[in-house]
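*Asks:* Handing you this structure, nothing more for now.
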Number of protein chains: 2
Amino acid sequence: VTTTTTYTVQGMTCGHCVASVTQEVGKVAGVIEVQVDLDSGAVSVTSDRALDRAVVKEAVEEAGYELVS
Amino acid sequence: VTTTTTYTVQGMTCGHCVASVTQEVGKVAGVIEVQVDLDSGAVSVTSDRALDRAVVKEAVEEAGYELVS
């Protein structure tokens, strides 16, 4: 069973930003896929387990951005 | 003798963009230093020889941006 959760990330302005967020969130244990919509800041994370929001937030911040919802 | 020429690059939106342009332009033969002002798009290139504008333009395009002046 996989779960997809969509978060909103603030501060991404270009493809490099998308790549950074994708890479950092992709490192979170259990994450299978990360899809980012640059315009809206929507980050959809598919995982094989329920993710701890704090861990996702930390990964987004590690990339240099802010998880706003 | 070193020469500094300031170009204007369009399309940079964040620090990653600045890093890409700095890296690509920095590879041009003769380039000693590249300084980028993200807000204005000003890219100051210091070199030990006169640079061919076409070569600088190519490096900027390689990074994914446009040399506009």
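All residue names refer to the structure tokens as shown: chains lettered A, B, ... in order, residues numbered from 1 in each chain, ligands numbered from 1 in order.
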For chain A, report every residue with an atom at most 8 Å from chain B (counting only C-alpha atoms), formatted as a list in words.
*Replies:* Thr13, Cys14, His16 and Cys17 of chain A
*Asks:* Kindly save the residues from that selection, with all heavy atoms included, as a PDB file, in the first residue's frame.
*Replies:*
ATOM      1  N   THR A  13      11.721  28.843  -6.925  1.00  0.00           N
ATOM      2  CA  THR A  13      11.582  29.792  -8.025  1.00  0.00           C
ATOM      3  C   THR A  13      11.989  29.232  -9.381  1.00  0.00           C
ATOM      4  O   THR A  13      11.735  29.861 -10.398  1.00  0.00           O
ATOM      5  CB  THR A  13      12.436  31.049  -7.780  1.00  0.00           C
ATOM      6  OG1 THR A  13      13.797  30.618  -7.560  1.00  0.00           O
ATOM      7  CG2 THR A  13      11.957  31.824  -6.570  1.00  0.00           C
ATOM      8  N   CYS A  14      12.676  28.111  -9.400  1.00  0.00           N
ATOM      9  CA  CYS A  14      13.169  27.610 -10.692  1.00  0.00           C
ATOM     10  C   CYS A  14      13.372  26.107 -10.628  1.00  0.00           C
ATOM     11  O   CYS A  14      13.166  25.471  -9.591  1.00  0.00           O
ATOM     12  CB  CYS A  14      14.480  28.298 -11.080  1.00  0.00           C
ATOM     13  SG  CYS A  14      15.910  27.741 -10.134  1.00  0.00           S
ATOM     14  N   HIS A  16      16.020  24.433 -10.544  1.00  0.00           N
ATOM     15  CA  HIS A  16      17.038  23.993  -9.585  1.00  0.00           C
ATOM     16  C   HIS A  16      16.414  23.814  -8.205  1.00  0.00           C
ATOM     17  O   HIS A  16      16.783  22.911  -7.450  1.00  0.00           O
ATOM     18  CB  HIS A  16      18.159  25.032  -9.460  1.00  0.00           C
ATOM     19  CG  HIS A  16      18.931  25.258 -10.702  1.00  0.00           C
ATOM     20  ND1 HIS A  16      18.900  26.454 -11.379  1.00  0.00           N
ATOM     21  CD2 HIS A  16      19.762  24.458 -11.400  1.00  0.00           C
ATOM     22  CE1 HIS A  16      19.693  26.377 -12.435  1.00  0.00           C
ATOM     23  NE2 HIS A  16      20.231  25.175 -12.469  1.00  0.00           N
ATOM     24  N   CYS A  17      15.507  24.710  -7.864  1.00  0.00           N
ATOM     25  CA  CYS A  17      14.816  24.617  -6.575  1.00  0.00           C
ATOM     26  C   CYS A  17      14.005  23.327  -6.517  1.00  0.00           C
ATOM     27  O   CYS A  17      14.012  22.613  -5.508  1.00  0.00           O
ATOM     28  CB  CYS A  17      13.886  25.817  -6.380  1.00  0.00           C
ATOM     29  SG  CYS A  17      14.719  27.423  -6.404  1.00  0.00           S
TER      30      CYS A  17
END
*Asks:* Write out as a PyMOL selection string the residues lying within 12 Å of Val18 (chain B), counting only C-alpha atoms and excluding same-chain residues fewer than 2 positions away.
*Replies:* (chain A and resi 14+16) or (chain B and resi 9-16+20-26+34-44+60+63-65)
*Asks:* Selected residues, N, CA and C atoms, written as a tab-separated table (two decimals), in the first residue's frame, please.
*Replies:*
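Here's the written file part.tsv:
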chain	number	residue	atom	x	y	z
A	14	CYS	N	12.68	28.11	-9.40
A	14	CYS	CA	13.17	27.61	-10.69
A	14	CYS	C	13.37	26.11	-10.63
A	16	HIS	N	16.02	24.43	-10.54
A	16	HIS	CA	17.04	23.99	-9.59
A	16	HIS	C	16.41	23.81	-8.20
B	9	VAL	N	22.34	39.32	-17.69
B	9	VAL	CA	21.77	38.00	-17.94
B	9	VAL	C	20.33	37.97	-17.44
B	10	GLN	N	19.46	37.44	-18.28
B	10	GLN	CA	18.04	37.37	-17.95
B	10	GLN	C	17.65	35.95	-17.53
B	11	GLY	N	16.79	35.89	-16.54
B	11	GLY	CA	16.19	34.59	-16.20
B	11	GLY	C	16.66	33.99	-14.89
B	12	MET	N	17.67	34.57	-14.27
B	12	MET	CA	18.13	34.01	-13.00
B	12	MET	C	17.13	34.37	-11.90
B	13	THR	N	16.73	33.38	-11.11
B	13	THR	CA	15.72	33.64	-10.08
B	13	THR	C	16.17	33.30	-8.66
B	14	CYS	N	17.26	32.59	-8.53
B	14	CYS	CA	17.66	32.17	-7.19
B	14	CYS	C	19.15	31.86	-7.13
B	15	GLY	N	19.60	31.51	-5.97
B	15	GLY	CA	21.02	31.22	-5.78
B	15	GLY	C	21.55	30.08	-6.63
B	16	HIS	N	20.66	29.13	-6.93
B	16	HIS	CA	21.10	28.02	-7.79
B	16	HIS	C	21.39	28.53	-9.19
B	20	SER	N	24.90	28.32	-11.24
B	20	SER	CA	25.03	27.72	-12.57
B	20	SER	C	25.75	28.66	-13.53
B	21	VAL	N	25.33	29.93	-13.52
B	21	VAL	CA	25.95	30.91	-14.41
B	21	VAL	C	27.42	31.11	-14.03
B	22	THR	N	27.68	31.23	-12.74
B	22	THR	CA	29.05	31.43	-12.27
B	22	THR	C	29.94	30.27	-12.71
B	23	GLN	N	29.39	29.07	-12.57
B	23	GLN	CA	30.17	27.89	-12.93
B	23	GLN	C	30.46	27.82	-14.44
B	24	GLU	N	29.44	28.03	-15.25
B	24	GLU	CA	29.63	27.92	-16.70
B	24	GLU	C	30.53	29.02	-17.24
B	25	VAL	N	30.28	30.25	-16.82
B	25	VAL	CA	31.10	31.36	-17.31
B	25	VAL	C	32.53	31.21	-16.78
B	26	GLY	N	32.64	30.66	-15.58
B	26	GLY	CA	33.96	30.44	-14.99
B	26	GLY	C	34.83	29.47	-15.77
B	34	VAL	N	34.06	35.57	-11.54
B	34	VAL	CA	32.70	35.90	-12.00
B	34	VAL	C	31.91	36.35	-10.79
B	35	GLN	N	31.29	37.51	-10.90
B	35	GLN	CA	30.44	38.00	-9.81
B	35	GLN	C	29.06	38.28	-10.38
B	36	VAL	N	28.05	37.77	-9.69
B	36	VAL	CA	26.68	37.91	-10.18
B	36	VAL	C	25.83	38.66	-9.17
B	37	ASP	N	25.09	39.62	-9.66
B	37	ASP	CA	24.08	40.29	-8.83
B	37	ASP	C	22.72	39.78	-9.29
B	38	LEU	N	22.10	38.99	-8.42
B	38	LEU	CA	20.85	38.32	-8.81
B	38	LEU	C	19.74	39.31	-9.15
B	39	ASP	N	19.60	40.33	-8.34
B	39	ASP	CA	18.50	41.28	-8.54
B	39	ASP	C	18.56	41.98	-9.90
B	40	SER	N	19.74	42.45	-10.27
B	40	SER	CA	19.86	43.21	-11.52
B	40	SER	C	20.21	42.32	-12.71
B	41	GLY	N	20.70	41.12	-12.44
B	41	GLY	CA	21.15	40.26	-13.53
B	41	GLY	C	22.54	40.62	-14.03
B	42	ALA	N	23.20	41.54	-13.34
B	42	ALA	CA	24.54	41.95	-13.76
B	42	ALA	C	25.55	40.84	-13.47
B	43	VAL	N	26.31	40.48	-14.50
B	43	VAL	CA	27.34	39.45	-14.35
B	43	VAL	C	28.67	40.08	-14.74
B	44	SER	N	29.52	40.28	-13.73
B	44	SER	CA	30.82	40.90	-13.98
B	44	SER	C	31.87	39.81	-14.12
B	60	VAL	N	26.59	31.27	-20.95
B	60	VAL	CA	25.36	31.67	-20.25
B	60	VAL	C	24.20	30.80	-20.73
B	63	ALA	N	24.25	27.38	-19.33
B	63	ALA	CA	23.70	27.35	-17.97
B	63	ALA	C	22.18	27.42	-17.97
B	64	GLY	N	21.62	27.83	-19.11
B	64	GLY	CA	20.16	27.88	-19.23
B	64	GLY	C	19.56	29.27	-19.16
B	65	TYR	N	20.38	30.29	-19.38
B	65	TYR	CA	19.91	31.67	-19.30
B	65	TYR	C	20.27	32.44	-20.55
*Asks:* Taking only C-alpha atoms into account, name the residue in B:Tyr7, B:Asp48, B:Glu33, B:Ala19 that is nearest to Glu66 (chain B).
*Replies:*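 Looking only at the distances to Glu66 (chain B), the closest residue turns out to be B:Tyr7.
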*Asks:* Contacts of Leu51 (chain B) at 10 Å or less, counting only C-alpha atoms, minus same-chain residues fewer than 5 places along, as a list in words?
*Replies:*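 Using only C-alpha atoms, the neighbours found are Thr3, Thr4, Thr5, Val28, Ala29, Gly30, Val31, Val45, Thr46 and Val56 of chain B.
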*Asks:* Those residues with all heavy atoms, as a PDB file, in the first residue's frame please?
*Replies:*
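The resulting result.pdb:
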ATOM      1  N   THR B   3      40.918  42.364 -17.248  1.00  0.00           N
ATOM      2  CA  THR B   3      39.806  43.158 -17.758  1.00  0.00           C
ATOM      3  C   THR B   3      38.525  42.695 -17.082  1.00  0.00           C
ATOM      4  O   THR B   3      38.340  41.496 -16.896  1.00  0.00           O
ATOM      5  CB  THR B   3      39.619  42.905 -19.280  1.00  0.00           C
ATOM      6  OG1 THR B   3      40.871  43.099 -19.917  1.00  0.00           O
ATOM      7  CG2 THR B   3      38.568  43.832 -19.861  1.00  0.00           C
ATOM      8  N   THR B   4      37.667  43.630 -16.704  1.00  0.00           N
ATOM      9  CA  THR B   4      36.366  43.245 -16.164  1.00  0.00           C
ATOM     10  C   THR B   4      35.268  43.790 -17.075  1.00  0.00           C
ATOM     11  O   THR B   4      35.246  44.981 -17.391  1.00  0.00           O
ATOM     12  CB  THR B   4      36.174  43.775 -14.736  1.00  0.00           C
ATOM     13  OG1 THR B   4      37.193  43.236 -13.900  1.00  0.00           O
ATOM     14  CG2 THR B   4      34.823  43.354 -14.182  1.00  0.00           C
ATOM     15  N   THR B   5      34.431  42.891 -17.526  1.00  0.00           N
ATOM     16  CA  THR B   5      33.309  43.279 -18.384  1.00  0.00           C
ATOM     17  C   THR B   5      32.019  42.882 -17.680  1.00  0.00           C
ATOM     18  O   THR B   5      31.940  41.800 -17.107  1.00  0.00           O
ATOM     19  CB  THR B   5      33.385  42.551 -19.740  1.00  0.00           C
ATOM     20  OG1 THR B   5      34.686  42.755 -20.291  1.00  0.00           O
ATOM     21  CG2 THR B   5      32.328  43.067 -20.704  1.00  0.00           C
ATOM     22  N   VAL B  28      35.095  29.485 -19.040  1.00  0.00           N
ATOM     23  CA  VAL B  28      35.602  30.121 -20.268  1.00  0.00           C
ATOM     24  C   VAL B  28      37.095  30.426 -20.089  1.00  0.00           C
ATOM     25  O   VAL B  28      37.515  30.948 -19.051  1.00  0.00           O
ATOM     26  CB  VAL B  28      34.809  31.412 -20.573  1.00  0.00           C
ATOM     27  CG1 VAL B  28      35.439  32.185 -21.736  1.00  0.00           C
ATOM     28  CG2 VAL B  28      33.347  31.081 -20.876  1.00  0.00           C
ATOM     29  N   ALA B  29      37.872  30.095 -21.092  1.00  0.00           N
ATOM     30  CA  ALA B  29      39.321  30.297 -21.037  1.00  0.00           C
ATOM     31  C   ALA B  29      39.660  31.758 -20.761  1.00  0.00           C
ATOM     32  O   ALA B  29      39.140  32.660 -21.431  1.00  0.00           O
ATOM     33  CB  ALA B  29      39.950  29.852 -22.353  1.00  0.00           C
ATOM     34  N   GLY B  30      40.479  31.976 -19.757  1.00  0.00           N
ATOM     35  CA  GLY B  30      40.929  33.323 -19.428  1.00  0.00           C
ATOM     36  C   GLY B  30      40.160  33.958 -18.277  1.00  0.00           C
ATOM     37  O   GLY B  30      40.591  34.967 -17.727  1.00  0.00           O
ATOM     38  N   VAL B  31      39.033  33.363 -17.920  1.00  0.00           N
ATOM     39  CA  VAL B  31      38.210  33.955 -16.852  1.00  0.00           C
ATOM     40  C   VAL B  31      38.830  33.678 -15.477  1.00  0.00           C
ATOM     41  O   VAL B  31      39.181  32.540 -15.165  1.00  0.00           O
ATOM     42  CB  VAL B  31      36.748  33.439 -16.898  1.00  0.00           C
ATOM     43  CG1 VAL B  31      35.969  33.875 -15.660  1.00  0.00           C
ATOM     44  CG2 VAL B  31      36.072  33.947 -18.164  1.00  0.00           C
ATOM     45  N   VAL B  45      32.540  39.854 -15.251  1.00  0.00           N
ATOM     46  CA  VAL B  45      33.508  38.807 -15.559  1.00  0.00           C
ATOM     47  C   VAL B  45      34.903  39.422 -15.659  1.00  0.00           C
ATOM     48  O   VAL B  45      35.135  40.311 -16.468  1.00  0.00           O
ATOM     49  CB  VAL B  45      33.146  38.112 -16.891  1.00  0.00           C
ATOM     50  CG1 VAL B  45      34.124  36.986 -17.187  1.00  0.00           C
ATOM     51  CG2 VAL B  45      31.711  37.598 -16.850  1.00  0.00           C
ATOM     52  N   THR B  46      35.787  38.946 -14.813  1.00  0.00           N
ATOM     53  CA  THR B  46      37.163  39.421 -14.842  1.00  0.00           C
ATOM     54  C   THR B  46      38.014  38.359 -15.531  1.00  0.00           C
ATOM     55  O   THR B  46      37.903  37.169 -15.227  1.00  0.00           O
ATOM     56  CB  THR B  46      37.684  39.667 -13.409  1.00  0.00           C
ATOM     57  OG1 THR B  46      36.828  40.628 -12.783  1.00  0.00           O
ATOM     58  CG2 THR B  46      39.110  40.199 -13.413  1.00  0.00           C
ATOM     59  N   VAL B  56      31.069  33.976 -24.232  1.00  0.00           N
ATOM     60  CA  VAL B  56      30.399  34.240 -22.951  1.00  0.00           C
ATOM     61  C   VAL B  56      28.906  33.944 -23.093  1.00  0.00           C
ATOM     62  O   VAL B  56      28.293  33.307 -22.234  1.00  0.00           O
ATOM     63  CB  VAL B  56      30.623  35.698 -22.500  1.00  0.00           C
ATOM     64  CG1 VAL B  56      29.831  36.003 -21.233  1.00  0.00           C
ATOM     65  CG2 VAL B  56      32.120  35.955 -22.265  1.00  0.00           C
TER      66      VAL B  56
END
*Asks:* Between CA of Leu67 (chain A) and CA of Asp52 (chain A), what is the distance, to one decimal in Å?
*Replies:*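 About the pair CA of Leu67 (chain A) and CA of Asp52 (chain A): they are 13.1 Å apart.
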